[in-house]
$ cat target-v1.tsv   # TSV, C-alpha atoms
chain	number	residue	atom	x	y	z
J	99	MET	CA	-12.20	19.09	17.75
J	100	PHE	CA	-9.65	17.07	19.76
J	101	ALA	CA	-11.18	13.76	20.74
J	102	ASP	CA	-9.37	11.35	22.97
J	103	LYS	CA	-6.62	9.04	21.89
J	104	LYS	CA	-8.62	5.90	22.65
J	105	ALA	CA	-11.48	6.94	20.36
J	106	TYR	CA	-9.06	7.51	17.49
J	107	GLN	CA	-7.27	4.25	18.15
J	108	GLU	CA	-10.59	2.42	17.86
J	109	ARG	CA	-11.12	3.99	14.43
J	110	LEU	CA	-7.59	3.14	13.33
J	111	ASP	CA	-8.16	-0.44	14.46
J	112	ARG	CA	-11.33	-0.55	12.36
J	113	ILE	CA	-9.43	0.76	9.32
J	114	ALA	CA	-6.69	-1.83	9.90
J	115	GLU	CA	-9.37	-4.52	10.11
J	116	ILE	CA	-10.94	-3.48	6.78
J	117	PHE	CA	-7.52	-3.39	5.12
J	118	SER	CA	-6.54	-6.78	6.59
J	119	ASP	CA	-9.65	-8.31	5.05
J	120	VAL	CA	-8.82	-6.64	1.73
J	121	VAL	CA	-5.27	-8.00	1.76
J	122	ALA	CA	-6.44	-11.49	2.71
J	123	ASN	CA	-8.94	-11.43	-0.17
J	124	ALA	CA	-6.27	-10.05	-2.52
J	125	GLU	CA	-4.02	-13.01	-1.69
J	126	ILE	CA	-6.78	-15.42	-2.66
J	127	SER	CA	-8.01	-13.61	-5.77
J	128	SER	CA	-4.44	-13.14	-7.03
J	129	LEU	CA	-4.11	-16.92	-7.37
J	130	LEU	CA	-6.65	-16.87	-10.18
J	131	ARG	CA	-6.68	-13.36	-11.54
J	132	CYS	CA	-3.76	-11.05	-12.14
J	133	PRO	CA	-3.88	-8.25	-9.55
J	134	TYR	CA	-3.08	-5.70	-12.26
J	135	ARG	CA	-6.23	-6.59	-14.19
J	136	ASP	CA	-9.00	-4.09	-13.42
J	137	GLN	CA	-12.75	-4.57	-13.37
J	138	ASN	CA	-12.97	-3.69	-17.08
J	139	ASP	CA	-10.27	-6.29	-17.90
J	140	TYR	CA	-7.68	-3.65	-18.73
J	141	CYS	CA	-4.09	-4.10	-17.62
J	142	THR	CA	-2.96	-1.45	-15.12
J	143	ALA	CA	0.66	-2.62	-14.99
J	144	LEU	CA	3.44	-0.15	-15.69
J	145	PHE	CA	5.57	-2.93	-17.17
J	146	ARG	CA	5.40	-5.20	-20.19
J	147	CYS	CA	3.64	-8.52	-19.78
J	148	ARG	CA	3.16	-11.23	-22.38
J	149	ASN	CA	-0.56	-11.30	-21.57
J	150	GLN	CA	-1.12	-7.69	-22.59
J	151	LEU	CA	-3.27	-7.34	-25.70
J	152	THR	CA	-3.82	-4.34	-27.90
J	153	VAL	CA	-7.49	-4.00	-28.68
J	154	GLU	CA	-8.11	-2.67	-32.14
J	155	GLY	CA	-9.91	0.68	-32.13
J	156	ASP	CA	-9.58	0.99	-28.37
J	157	SER	CA	-7.40	3.80	-27.12
J	158	GLU	CA	-8.12	3.11	-23.44
J	159	GLY	CA	-5.07	0.94	-22.95
J	160	LEU	CA	-3.98	-2.67	-23.05
J	161	ALA	CA	-6.38	-5.46	-22.29
J	162	CYS	CA	-5.41	-8.46	-20.17
J	163	GLY	CA	-5.39	-11.66	-22.19
J	164	HIS	CA	-4.68	-14.03	-19.32
J	165	THR	CA	-6.85	-17.12	-19.59
J	166	GLY	CA	-6.55	-18.21	-15.97
J	167	GLU	CA	-5.10	-21.55	-17.08
J	168	PHE	CA	-1.50	-20.93	-16.06
J	169	ASP	CA	0.45	-18.85	-13.61
J	170	TYR	CA	0.44	-15.33	-15.02
J	171	ARG	CA	3.52	-14.41	-12.98
J	172	THR	CA	5.79	-16.31	-15.34
J	173	ALA	CA	4.85	-13.76	-18.00
J	174	TRP	CA	6.34	-10.95	-15.93
J	175	GLU	CA	9.84	-12.37	-15.88
J	176	SER	CA	12.07	-11.24	-18.71
J	177	GLN	CA	14.71	-13.81	-17.71
J	178	PRO	CA	13.00	-16.54	-15.68
J	179	ARG	CA	16.20	-18.53	-15.24
J	180	ALA	CA	18.16	-15.64	-13.82
J	181	ARG	CA	17.65	-16.60	-10.19
J	182	GLU	CA	20.84	-18.64	-9.84
J	183	ARG	CA	22.94	-15.81	-11.24
J	184	VAL	CA	21.41	-13.31	-8.85
J	185	LYS	CA	22.99	-14.84	-5.76
J	186	GLN	CA	26.45	-14.43	-7.28
J	187	LYS	CA	25.64	-10.90	-8.41
J	188	ILE	CA	24.61	-9.91	-4.88
J	189	ALA	CA	27.85	-11.34	-3.51
J	190	ASP	CA	29.79	-9.35	-6.14
J	191	ILE	CA	27.96	-6.12	-5.27
J	192	LYS	CA	28.77	-6.56	-1.58
J	193	LYS	CA	32.39	-7.43	-2.27
J	194	GLU	CA	32.90	-4.45	-4.59
J	195	ALA	CA	31.25	-2.10	-2.08
J	196	GLU	CA	33.48	-3.35	0.72
J	197	GLU	CA	36.58	-2.90	-1.42
J	198	ARG	CA	35.41	0.57	-2.43
J	199	ARG	CA	34.86	1.55	1.18
J	200	ARG	CA	38.25	0.20	2.24
J	201	GLY	CA	39.89	2.22	-0.51
J	202	GLY	CA	37.73	5.32	0.02
J	203	GLY	CA	37.98	5.56	3.81
J	204	SER	CA	34.27	5.27	4.65
J	205	GLU	CA	33.05	6.38	8.08
J	206	GLU	CA	31.47	3.03	8.72
J	207	THR	CA	33.25	-0.25	9.28
J	208	PRO	CA	32.21	-2.78	6.69
J	209	SER	CA	30.18	-5.64	8.11
N	52	MET	CA	-35.71	0.76	11.34
N	53	ALA	CA	-34.09	2.91	8.67
N	54	GLN	CA	-34.96	2.41	5.01
N	55	LEU	CA	-32.77	2.66	1.94
N	56	SER	CA	-34.80	5.71	0.89
N	57	ASP	CA	-33.64	7.48	4.07
N	58	ILE	CA	-30.18	7.71	2.50
N	59	THR	CA	-29.99	11.00	0.61
N	60	ASN	CA	-26.95	10.23	-1.53
N	61	ALA	CA	-27.95	8.43	-4.74
N	62	VAL	CA	-24.51	6.85	-5.21
N	63	ILE	CA	-24.57	5.27	-1.76
N	64	ARG	CA	-28.13	4.06	-2.27
N	65	ALA	CA	-27.17	2.47	-5.61
N	66	GLU	CA	-24.01	0.91	-4.14
N	67	ILE	CA	-25.96	-0.79	-1.35
N	68	GLU	CA	-28.74	-1.87	-3.67
N	69	GLU	CA	-26.45	-3.22	-6.35
N	70	PHE	CA	-23.47	-4.63	-4.48
N	71	VAL	CA	-24.45	-5.58	-0.93
N	72	ASP	CA	-26.23	-8.92	-0.81
N	73	ASP	CA	-26.02	-10.08	2.79
N	74	PRO	CA	-29.18	-8.96	4.69
N	75	ALA	CA	-27.22	-8.21	7.88
N	76	GLU	CA	-24.75	-6.07	5.91
N	77	ILE	CA	-27.57	-4.29	4.09
N	78	GLU	CA	-29.24	-3.47	7.41
N	79	ARG	CA	-26.00	-2.31	9.01
N	80	ASN	CA	-25.09	-0.09	6.07
N	81	VAL	CA	-28.59	1.36	5.69
N	82	GLU	CA	-28.63	2.21	9.42
N	83	LEU	CA	-25.17	3.71	9.20
N	84	PHE	CA	-25.72	5.90	6.16
N	85	ALA	CA	-29.32	6.88	7.03
N	86	LYS	CA	-28.10	8.52	10.22
N	87	ALA	CA	-25.08	10.10	8.52
N	88	SER	CA	-25.34	13.70	7.33
N	89	ALA	CA	-25.55	14.40	3.61
N	90	GLN	CA	-22.03	15.80	3.79
N	91	MET	CA	-20.66	12.55	5.26
N	92	GLN	CA	-22.53	10.52	2.67
N	93	ASP	CA	-20.90	12.65	-0.03
N	94	ILE	CA	-17.46	11.85	1.40
N	95	ALA	CA	-18.26	8.14	1.48
N	96	ALA	CA	-19.63	8.23	-2.08
N	97	ALA	CA	-16.54	10.03	-3.40
N	98	LEU	CA	-14.33	7.46	-1.67
N	99	VAL	CA	-16.28	4.53	-3.13
N	100	GLU	CA	-15.87	6.11	-6.57
N	101	GLY	CA	-12.14	6.59	-5.96
N	102	GLU	CA	-12.23	10.37	-6.37
N	103	ASN	CA	-9.33	11.41	-4.20
N	104	ASP	CA	-9.52	15.12	-5.06
N	105	THR	CA	-13.17	15.22	-4.03
N	106	VAL	CA	-12.50	13.32	-0.80
N	107	ASP	CA	-9.63	15.70	-0.09
N	108	GLN	CA	-11.78	18.78	-0.66
N	109	LEU	CA	-14.89	17.51	1.18
N	110	THR	CA	-12.88	16.40	4.21
N	111	ARG	CA	-11.10	19.74	4.42
N	112	THR	CA	-14.39	21.63	4.11
N	113	ALA	CA	-16.07	19.48	6.77
N	114	LEU	CA	-13.23	20.08	9.24
N	115	ASP	CA	-13.28	23.82	8.46
N	116	GLU	CA	-16.99	23.84	9.25
N	117	GLY	CA	-16.27	22.35	12.67
N	118	ILE	CA	-17.41	18.80	12.05
N	119	GLU	CA	-15.68	16.39	14.41
N	120	ALA	CA	-12.87	14.31	12.93
N	121	LEU	CA	-14.40	11.21	14.51
N	122	GLU	CA	-17.66	11.79	12.67
N	123	ILE	CA	-15.80	12.20	9.38
N	124	MET	CA	-13.94	8.96	10.02
N	125	ASP	CA	-17.02	6.99	11.13
N	126	ASP	CA	-19.66	8.21	8.73
N	127	GLY	CA	-17.52	9.22	5.77
N	128	LEU	CA	-14.16	7.52	5.34
N	129	ILE	CA	-14.59	4.25	7.24
N	130	ALA	CA	-18.19	3.81	6.09
N	131	GLY	CA	-17.13	4.30	2.47
N	132	MET	CA	-14.16	1.96	2.78
N	133	GLY	CA	-16.47	-0.64	4.32
N	134	ILE	CA	-18.52	-0.68	1.10
N	135	VAL	CA	-15.31	-0.97	-0.94
N	136	GLY	CA	-14.24	-3.97	1.17
N	137	ILE	CA	-17.57	-5.71	0.58
N	138	LYS	CA	-17.45	-5.08	-3.19
N	139	PHE	CA	-13.92	-6.46	-3.37
N	140	ARG	CA	-14.69	-9.51	-1.25
N	141	ASP	CA	-17.69	-10.33	-3.42
N	142	GLY	CA	-15.82	-9.92	-6.71
N	143	PHE	CA	-17.48	-6.75	-8.01
N	144	ILE	CA	-14.21	-4.84	-8.05
N	145	PHE	CA	-10.57	-5.91	-8.07
N	146	VAL	CA	-7.21	-4.90	-6.62
N	147	PRO	CA	-6.63	-1.88	-8.92
N	148	GLU	CA	-9.99	-0.37	-7.97
N	149	VAL	CA	-9.41	-1.03	-4.26
N	150	LEU	CA	-6.07	0.74	-4.42
N	151	VAL	CA	-7.67	3.78	-6.08
N	152	CYS	CA	-10.23	3.90	-3.25
N	153	ALA	CA	-7.47	3.47	-0.65
N	154	ARG	CA	-5.70	6.45	-2.20
N	155	ALA	CA	-8.91	8.47	-1.88
N	156	MET	CA	-9.14	7.43	1.76
N	157	LYS	CA	-5.57	8.54	2.30
N	158	ALA	CA	-6.46	11.96	0.85
N	159	GLY	CA	-9.09	12.34	3.54
N	160	MET	CA	-6.95	10.87	6.31
N	161	ALA	CA	-4.21	13.37	5.52
N	162	HIS	CA	-6.44	16.05	7.07
N	163	ILE	CA	-7.34	13.88	10.05
N	164	GLU	CA	-3.77	12.88	10.92
N	165	PRO	CA	-2.76	16.24	12.49
N	166	ILE	CA	-5.83	16.04	14.73
N	167	LEU	CA	-4.91	12.47	15.56
N	168	ALA	CA	-1.41	13.58	16.51
N	169	ALA	CA	-2.81	16.41	18.66
N	170	SER	CA	-4.88	13.85	20.56
N	171	GLY	CA	-1.64	12.13	21.56
N	172	ALA	CA	-1.94	9.26	19.10
N	173	GLU	CA	1.58	9.15	17.76
N	174	PRO	CA	2.33	7.46	14.43
N	175	ALA	CA	3.88	4.02	14.69
N	176	GLY	CA	6.83	5.33	12.68
N	177	THR	CA	7.78	6.59	9.25
N	178	VAL	CA	8.49	4.07	6.51
N	179	ILE	CA	10.03	4.80	3.13
N	180	MET	CA	8.66	2.38	0.55
N	181	GLY	CA	9.74	1.76	-3.01
N	182	THR	CA	10.10	-0.87	-5.68
N	183	VAL	CA	13.80	-1.12	-6.49
N	184	LYS	CA	15.58	0.25	-9.54
N	185	GLY	CA	14.66	-1.49	-12.79
N	186	ASP	CA	11.43	-2.93	-11.43
N	187	LEU	CA	8.01	-1.50	-12.30
N	188	HIS	CA	5.79	-3.84	-10.25
N	189	ASP	CA	3.81	-1.96	-7.67
N	190	ILE	CA	0.73	-3.88	-6.52
N	191	GLY	CA	2.44	-5.72	-3.67
N	192	LYS	CA	4.14	-2.55	-2.51
N	193	ASN	CA	0.87	-0.63	-2.72
N	194	LEU	CA	-0.96	-3.24	-0.68
N	195	CYS	CA	1.82	-3.05	1.92
N	196	ILE	CA	1.51	0.74	1.97
N	197	MET	CA	-2.24	0.50	2.45
N	198	MET	CA	-1.75	-1.88	5.38
N	199	LEU	CA	1.06	0.17	6.92
N	200	ARG	CA	-1.06	3.32	6.79
N	201	GLY	CA	-3.93	1.38	8.31
N	202	GLY	CA	-1.49	0.28	11.00
N	203	GLY	CA	-0.72	3.88	11.93
N	204	PHE	CA	2.52	4.39	10.01
N	205	ILE	CA	3.38	7.45	7.99
N	206	VAL	CA	4.45	6.06	4.63
N	207	ILE	CA	6.45	7.87	2.00
N	208	ASP	CA	5.85	6.12	-1.30
N	209	LEU	CA	8.74	6.49	-3.73
N	210	GLY	CA	6.90	4.52	-6.38
N	211	VAL	CA	8.63	2.15	-8.76
N	212	ASP	CA	12.13	2.07	-10.31
N	213	THR	CA	13.62	3.63	-7.17
N	214	SER	CA	17.35	4.24	-7.14
N	215	PRO	CA	19.54	3.92	-4.03
N	216	GLU	CA	20.02	7.70	-4.17
N	217	GLU	CA	16.27	8.26	-4.02
N	218	PHE	CA	16.03	6.06	-0.91
N	219	LEU	CA	18.90	8.01	0.67
N	220	GLU	CA	17.32	11.37	-0.12
N	221	ALA	CA	13.93	10.29	1.22
N	222	VAL	CA	15.39	9.08	4.50
N	223	ALA	CA	17.15	12.41	4.99
N	224	GLU	CA	14.11	14.46	4.00
N	225	HIS	CA	11.58	12.61	6.14
N	226	ASP	CA	13.79	11.55	9.04
N	227	ALA	CA	12.66	7.97	8.49
N	228	HIS	CA	14.26	4.93	10.04
N	229	VAL	CA	12.56	2.04	8.26
N	230	ILE	CA	12.91	1.34	4.56
N	231	GLY	CA	10.79	-1.15	2.68
N	232	MET	CA	12.09	-2.42	-0.65
N	233	SER	CA	10.08	-4.50	-3.05
N	234	ALA	CA	11.15	-6.51	-6.11
N	235	LEU	CA	9.11	-8.78	-8.31
N	236	LEU	CA	11.85	-9.82	-10.71
N	237	THR	CA	14.85	-11.93	-9.81
N	238	THR	CA	16.91	-9.70	-12.08
N	239	THR	CA	16.19	-6.59	-9.99
N	240	MET	CA	16.78	-8.19	-6.61
N	241	PRO	CA	20.51	-7.29	-6.64
N	242	ASN	CA	19.41	-3.66	-6.53
N	243	MET	CA	18.25	-4.28	-2.98
N	244	ALA	CA	21.86	-5.11	-2.13
N	245	LYS	CA	23.04	-1.99	-3.98
N	246	THR	CA	20.71	0.16	-1.90
N	247	VAL	CA	21.90	-1.37	1.38
N	248	GLU	CA	25.50	-0.83	0.28
N	249	ALA	CA	24.74	2.80	-0.64
N	250	PHE	CA	23.57	3.39	2.93
N	251	LYS	CA	26.81	1.85	4.20
N	252	ASP	CA	28.76	4.11	1.85
N	253	ALA	CA	26.90	7.12	3.24
N	254	GLY	CA	27.59	6.02	6.82
N	255	LEU	CA	23.87	5.65	7.49
N	256	ARG	CA	23.43	1.89	7.64
N	257	GLU	CA	23.18	1.74	11.43
N	258	LYS	CA	20.56	4.48	11.52
N	259	VAL	CA	17.99	2.61	9.44
N	260	ARG	CA	16.39	-0.81	9.19
N	261	PHE	CA	15.63	-2.48	5.87
N	262	MET	CA	12.72	-4.77	5.22
N	263	VAL	CA	12.32	-6.51	1.89
N	264	GLY	CA	9.61	-8.43	0.11
N	265	GLY	CA	8.21	-9.50	-3.22
N	266	ALA	CA	7.35	-12.78	-4.93
N	267	PRO	CA	10.91	-13.99	-5.66
N	268	VAL	CA	12.35	-12.77	-2.35
N	269	THR	CA	12.99	-15.30	0.39
N	270	PRO	CA	14.33	-14.98	3.95
N	271	GLU	CA	17.64	-16.32	2.62
N	272	PHE	CA	17.80	-13.64	-0.08
N	273	ALA	CA	16.88	-11.00	2.48
N	274	GLU	CA	19.90	-12.06	4.50
N	275	ASP	CA	22.09	-12.15	1.38
N	276	VAL	CA	21.24	-8.57	0.43
N	277	GLY	CA	21.90	-7.41	3.98
N	278	ALA	CA	18.32	-6.58	4.95
N	279	ASP	CA	17.08	-6.67	8.54
N	280	GLY	CA	13.91	-8.55	7.80
N	281	TYR	CA	11.70	-10.22	5.24
N	282	GLY	CA	7.94	-9.79	4.99
N	283	LYS	CA	6.12	-12.52	3.12
N	284	ASP	CA	3.00	-10.40	2.66
N	285	ALA	CA	1.41	-7.07	3.53
N	286	MET	CA	0.29	-8.20	6.95
N	287	ALA	CA	3.74	-9.50	7.80
N	288	ALA	CA	5.16	-6.17	6.60
N	289	VAL	CA	3.21	-4.29	9.27
N	290	GLU	CA	4.44	-6.61	12.02
N	291	LEU	CA	7.98	-6.37	10.75
N	292	ALA	CA	7.89	-2.57	10.38
N	293	THR	CA	6.58	-2.29	13.94
N	294	LYS	CA	9.39	-4.48	15.25
N	295	LEU	CA	12.07	-2.65	13.25
N	296	ALA	CA	10.75	0.80	14.23
N	297	ILE	CA	10.99	-0.13	17.91
N	298	GLU	CA	14.41	-1.70	17.41
N	299	VAL	CA	15.90	1.31	15.62
N	300	ARG	CA	14.57	3.75	18.24
N	301	ALA	CA	16.09	1.73	21.10
$ encode --input "target-v1.tsv" --output "structure tokens"
Amino acid sequence: MFADKKAYQERLDRIAEIFSDVVANAEISSLLRCPYRDQNDYCTALFRCRNQLTVEGDSEGLACGHTGEFDYRTAWESQPRARERVKQKIADIKKEAEERRRGGGSEETPS
Amino acid sequence: MAQLSDITNAVIRAEIEEFVDDPAEIERNVELFAKASAQMQDIAAALVEGENDTVDQLTRTALDEGIEALEIMDDGLIAGMGIVGIKFRDGFIFVPEVLVCARAMKAGMAHIEPILAASGAEPAGTVIMGTVKGDLHDIGKNLCIMMLRGGGFIVIDLGVDTSPEEFLEAVAEHDAHVIGMSALLTTTMPNMAKTVEAFKDAGLREKVRFMVGGAPVTPEFAEDVGADGYGKDAMAAVELATKLAIEVRA
């Protein structure tokens, strides 16, 4: 039952190799086709996307209506211009946390 | 030379016939499956069809019957995943289907891992993975998880919409030292910072390492949120997790 470590490592390396190929192919295919779109053209995303289509009489789920003519990722963003505000928000979160820890006597020294 | 008809499992025969085009790959797969037992072919077929409960059950049964773990890996799990890889590469299936098959493989590997550990092959580390609070995107995270597991890590998947408290609880429960946070929306990226700050609040920041990733995340943002590293893709995530796991143990 207990084979040697080297034999297992060889199998793990083979698994890693298969997965590496999968990820490399996923990177390429995701440039043209939304990775949430399955082989039956249904959307598997757990979130709302502007490309999701309700198919009349179909209770299976939402279809993907992406045409492949534009970057589908823009349809995921609810507030595409929020990026600039995010930097400030992160700074605020860190500042508030540091102040809270100073006031609350945390065990760890704030960095 | 083995023939396609030597393969007893109809699903495997159909998969090779329908989806494998390259003559060298056909020959290799026919040879591989023709010599595999019917039981191993069943495991491979269940994996290709993404049936994780069946893979779970068949792997457990095979081990109980005394079949070597290496045989199950070679002729069942790896052989099946090889077919999945070919189908994906050639555009017959897509990322969602691959992830379902990877989950089925994980169900089988869960029974192999204790044997692996007994052989002295220690896991590379334990990683807690989650998409941050407010964010429901999971493909990138799931690809990272697949790669990390392939790289020998034990991965605890917290799923999507993960709160700082859930990360804290998972670290305590699984004695993990590396945390991977994913975000696909700029609006949820601040929740990475909130999670890091929650670990500081709990006095645990020095005991863990954070890696972050996702389409809008950059090395600069990673630094801003207080993470220890940024992984641009799933392959980079494995390298980074390996580095951070070693660093945190030192």
$ closest_atom_pairs --input "target-v1.tsv" --of "chain N" --to "chain J" --cutoff "6 Å" --atoms "all atoms listed in the file" --output "Markdown table"
| residue | atom | partner | partner_atom | distance |
| --- | --- | --- | --- | --- |
| N:Glu119 | CA | J:Met99 | CA | 5.5 |
| N:Ile144 | CA | J:Gln137 | CA | 5.5 |
| N:Phe145 | CA | J:Asp136 | CA | 5.9 |
| N:Val146 | CA | J:Pro133 | CA | 5.6 |
| N:Pro147 | CA | J:Asp136 | CA | 5.5 |
| N:Ser170 | CA | J:Lys103 | CA | 5.3 |
| N:Gly171 | CA | J:Lys103 | CA | 5.9 |
| N:Ala172 | CA | J:Lys103 | CA | 5.5 |
| N:Leu187 | CA | J:Phe145 | CA | 5.6 |
| N:Met198 | CA | J:Phe117 | CA | 6.0 |
| N:Gly201 | CA | J:Ala114 | CA | 4.5 |
| N:Gly202 | CA | J:Ala114 | CA | 5.7 |
| N:Thr237 | CA | J:Arg181 | CA | 5.5 |
| N:Pro241 | CA | J:Ile188 | CA | 5.2 |
| N:Gly254 | CA | J:Glu206 | CA | 5.3 |
$ atom_distance --input "target-v1.tsv" --atom1 "CA of Val268 (chain N)" --atom2 "CA of Ile205 (chain N)"
24.4 Å
$ closest_residue --input "target-v1.tsv" --among "N:Ala266, N:Val149, N:Leu291, N:Leu55" --to "Ala278 (chain N)" --atoms "all atoms listed in the file"
N:Leu291
$ residues_around --input "target-v1.tsv" --residues "Ser56 (chain N)" --least-positions-apart "3" --cutoff "9 Å" --atoms "only C-alpha atoms" --output "list in words"
Ala53, Thr59, Arg64, Val81 and Ala85 of chain N
$ write_last_selection --input "target-v1.tsv" --atoms "C-alpha atoms" --output "mmCIF file, in the frame of the given file"
data_model
loop_
_atom_site.group_PDB
_atom_site.id
_atom_site.type_symbol
_atom_site.label_atom_id
_atom_site.label_comp_id
_atom_site.auth_asym_id
_atom_site.auth_seq_id
_atom_site.Cartn_x
_atom_site.Cartn_y
_atom_site.Cartn_z
ATOM 1 C CA ALA N 53 -34.090 2.910 8.670
ATOM 2 C CA THR N 59 -29.990 11.000 0.610
ATOM 3 C CA ARG N 64 -28.130 4.060 -2.270
ATOM 4 C CA VAL N 81 -28.590 1.360 5.690
ATOM 5 C CA ALA N 85 -29.320 6.880 7.030
#
$ atom_distance --input "target-v1.tsv" --atom1 "CA of Pro215 (chain N)" --atom2 "CA of Lys184 (chain N)"
7.7 Å
$ atom_distance --input "target-v1.tsv" --atom1 "CA of Gln92 (chain N)" --atom2 "CA of Val151 (chain N)"
18.5 Å
$ residues_around --input "target-v1.tsv" --residues "Gly163 (chain J)" --least-positions-apart "5" --cutoff "7 Å" --atoms "all atoms listed in the file" --output "number ranges by chain"
J: 149-151
$ residues_around --input "target-v1.tsv" --residues "Ala273 (chain N)" --least-positions-apart "5" --cutoff "12 Å" --atoms "all atoms listed in the file" --output "list in words"
Lys185 and Ile188 of chain J; Gly231, Met232, Ser233, Ala234, Met240, Pro241, Asn242, Met243, Ala244, Val247, Phe261, Met262, Val263, Gly264, Gly265, Pro267, Val268, Ala278, Asp279, Gly280, Tyr281, Gly282 and Lys283 of chain N
$ closest_residue --input "target-v1.tsv" --among "N:Ile190, N:Ala175, N:Leu236, N:Val183" --to "Glu216 (chain N)" --atoms "all atoms listed in the file"
N:Val183
$ decode --input "target-v1.tsv" --residues "region 154-172 of chain N" --atoms "N, CA and C atoms" --output "PDB file, in the first residue's frame"
ATOM      1  N   ARG N 154     -12.689  19.047  -9.698  1.00  0.00           N
ATOM      2  CA  ARG N 154     -13.314  18.773  -8.392  1.00  0.00           C
ATOM      3  C   ARG N 154     -13.500  17.262  -8.210  1.00  0.00           C
ATOM      4  N   ALA N 155     -13.843  16.583  -9.281  1.00  0.00           N
ATOM      5  CA  ALA N 155     -13.980  15.119  -9.214  1.00  0.00           C
ATOM      6  C   ALA N 155     -12.621  14.487  -8.916  1.00  0.00           C
ATOM      7  N   MET N 156     -11.582  15.026  -9.530  1.00  0.00           N
ATOM      8  CA  MET N 156     -10.242  14.501  -9.264  1.00  0.00           C
ATOM      9  C   MET N 156      -9.860  14.699  -7.807  1.00  0.00           C
ATOM     10  N   LYS N 157     -10.230  15.857  -7.291  1.00  0.00           N
ATOM     11  CA  LYS N 157      -9.925  16.151  -5.890  1.00  0.00           C
ATOM     12  C   LYS N 157     -10.627  15.142  -4.966  1.00  0.00           C
ATOM     13  N   ALA N 158     -11.859  14.763  -5.343  1.00  0.00           N
ATOM     14  CA  ALA N 158     -12.605  13.794  -4.525  1.00  0.00           C
ATOM     15  C   ALA N 158     -11.845  12.476  -4.436  1.00  0.00           C
ATOM     16  N   GLY N 159     -11.226  12.085  -5.541  1.00  0.00           N
ATOM     17  CA  GLY N 159     -10.425  10.859  -5.527  1.00  0.00           C
ATOM     18  C   GLY N 159      -9.126  11.052  -4.780  1.00  0.00           C
ATOM     19  N   MET N 160      -8.468  12.178  -5.026  1.00  0.00           N
ATOM     20  CA  MET N 160      -7.175  12.457  -4.391  1.00  0.00           C
ATOM     21  C   MET N 160      -7.287  12.562  -2.879  1.00  0.00           C
ATOM     22  N   ALA N 161      -8.472  12.933  -2.409  1.00  0.00           N
ATOM     23  CA  ALA N 161      -8.663  13.053  -0.955  1.00  0.00           C
ATOM     24  C   ALA N 161      -8.386  11.718  -0.262  1.00  0.00           C
ATOM     25  N   HIS N 162      -8.647  10.613  -0.953  1.00  0.00           N
ATOM     26  CA  HIS N 162      -8.376   9.286  -0.371  1.00  0.00           C
ATOM     27  C   HIS N 162      -6.916   8.882  -0.531  1.00  0.00           C
ATOM     28  N   ILE N 163      -6.271   9.461  -1.523  1.00  0.00           N
ATOM     29  CA  ILE N 163      -4.863   9.117  -1.805  1.00  0.00           C
ATOM     30  C   ILE N 163      -3.932   9.897  -0.871  1.00  0.00           C
ATOM     31  N   GLU N 164      -4.348  11.132  -0.528  1.00  0.00           N
ATOM     32  CA  GLU N 164      -3.451  12.016   0.230  1.00  0.00           C
ATOM     33  C   GLU N 164      -2.911  11.413   1.534  1.00  0.00           C
ATOM     34  N   PRO N 165      -3.751  10.713   2.329  1.00  0.00           N
ATOM     35  CA  PRO N 165      -3.185  10.109   3.554  1.00  0.00           C
ATOM     36  C   PRO N 165      -2.089   9.082   3.257  1.00  0.00           C
ATOM     37  N   ILE N 166      -2.251   8.381   2.143  1.00  0.00           N
ATOM     38  CA  ILE N 166      -1.244   7.377   1.763  1.00  0.00           C
ATOM     39  C   ILE N 166       0.028   8.095   1.323  1.00  0.00           C
ATOM     40  N   LEU N 167      -0.184   9.186   0.624  1.00  0.00           N
ATOM     41  CA  LEU N 167       0.917  10.046   0.183  1.00  0.00           C
ATOM     42  C   LEU N 167       1.710  10.542   1.390  1.00  0.00           C
ATOM     43  N   ALA N 168       0.978  11.005   2.390  1.00  0.00           N
ATOM     44  CA  ALA N 168       1.615  11.526   3.606  1.00  0.00           C
ATOM     45  C   ALA N 168       2.379  10.411   4.319  1.00  0.00           C
ATOM     46  N   ALA N 169       1.794   9.201   4.344  1.00  0.00           N
ATOM     47  CA  ALA N 169       2.450   8.070   5.002  1.00  0.00           C
ATOM     48  C   ALA N 169       3.736   7.677   4.286  1.00  0.00           C
ATOM     49  N   SER N 170       3.819   7.985   2.998  1.00  0.00           N
ATOM     50  CA  SER N 170       5.032   7.655   2.246  1.00  0.00           C
ATOM     51  C   SER N 170       6.154   8.668   2.532  1.00  0.00           C
ATOM     52  N   GLY N 171       5.814   9.717   3.257  1.00  0.00           N
ATOM     53  CA  GLY N 171       6.809  10.737   3.586  1.00  0.00           C
ATOM     54  C   GLY N 171       6.704  11.968   2.709  1.00  0.00           C
ATOM     55  N   ALA N 172       5.773  11.937   1.759  1.00  0.00           N
ATOM     56  CA  ALA N 172       5.588  13.106   0.891  1.00  0.00           C
ATOM     57  C   ALA N 172       4.713  14.126   1.621  1.00  0.00           C
TER      58      ALA N 172
END
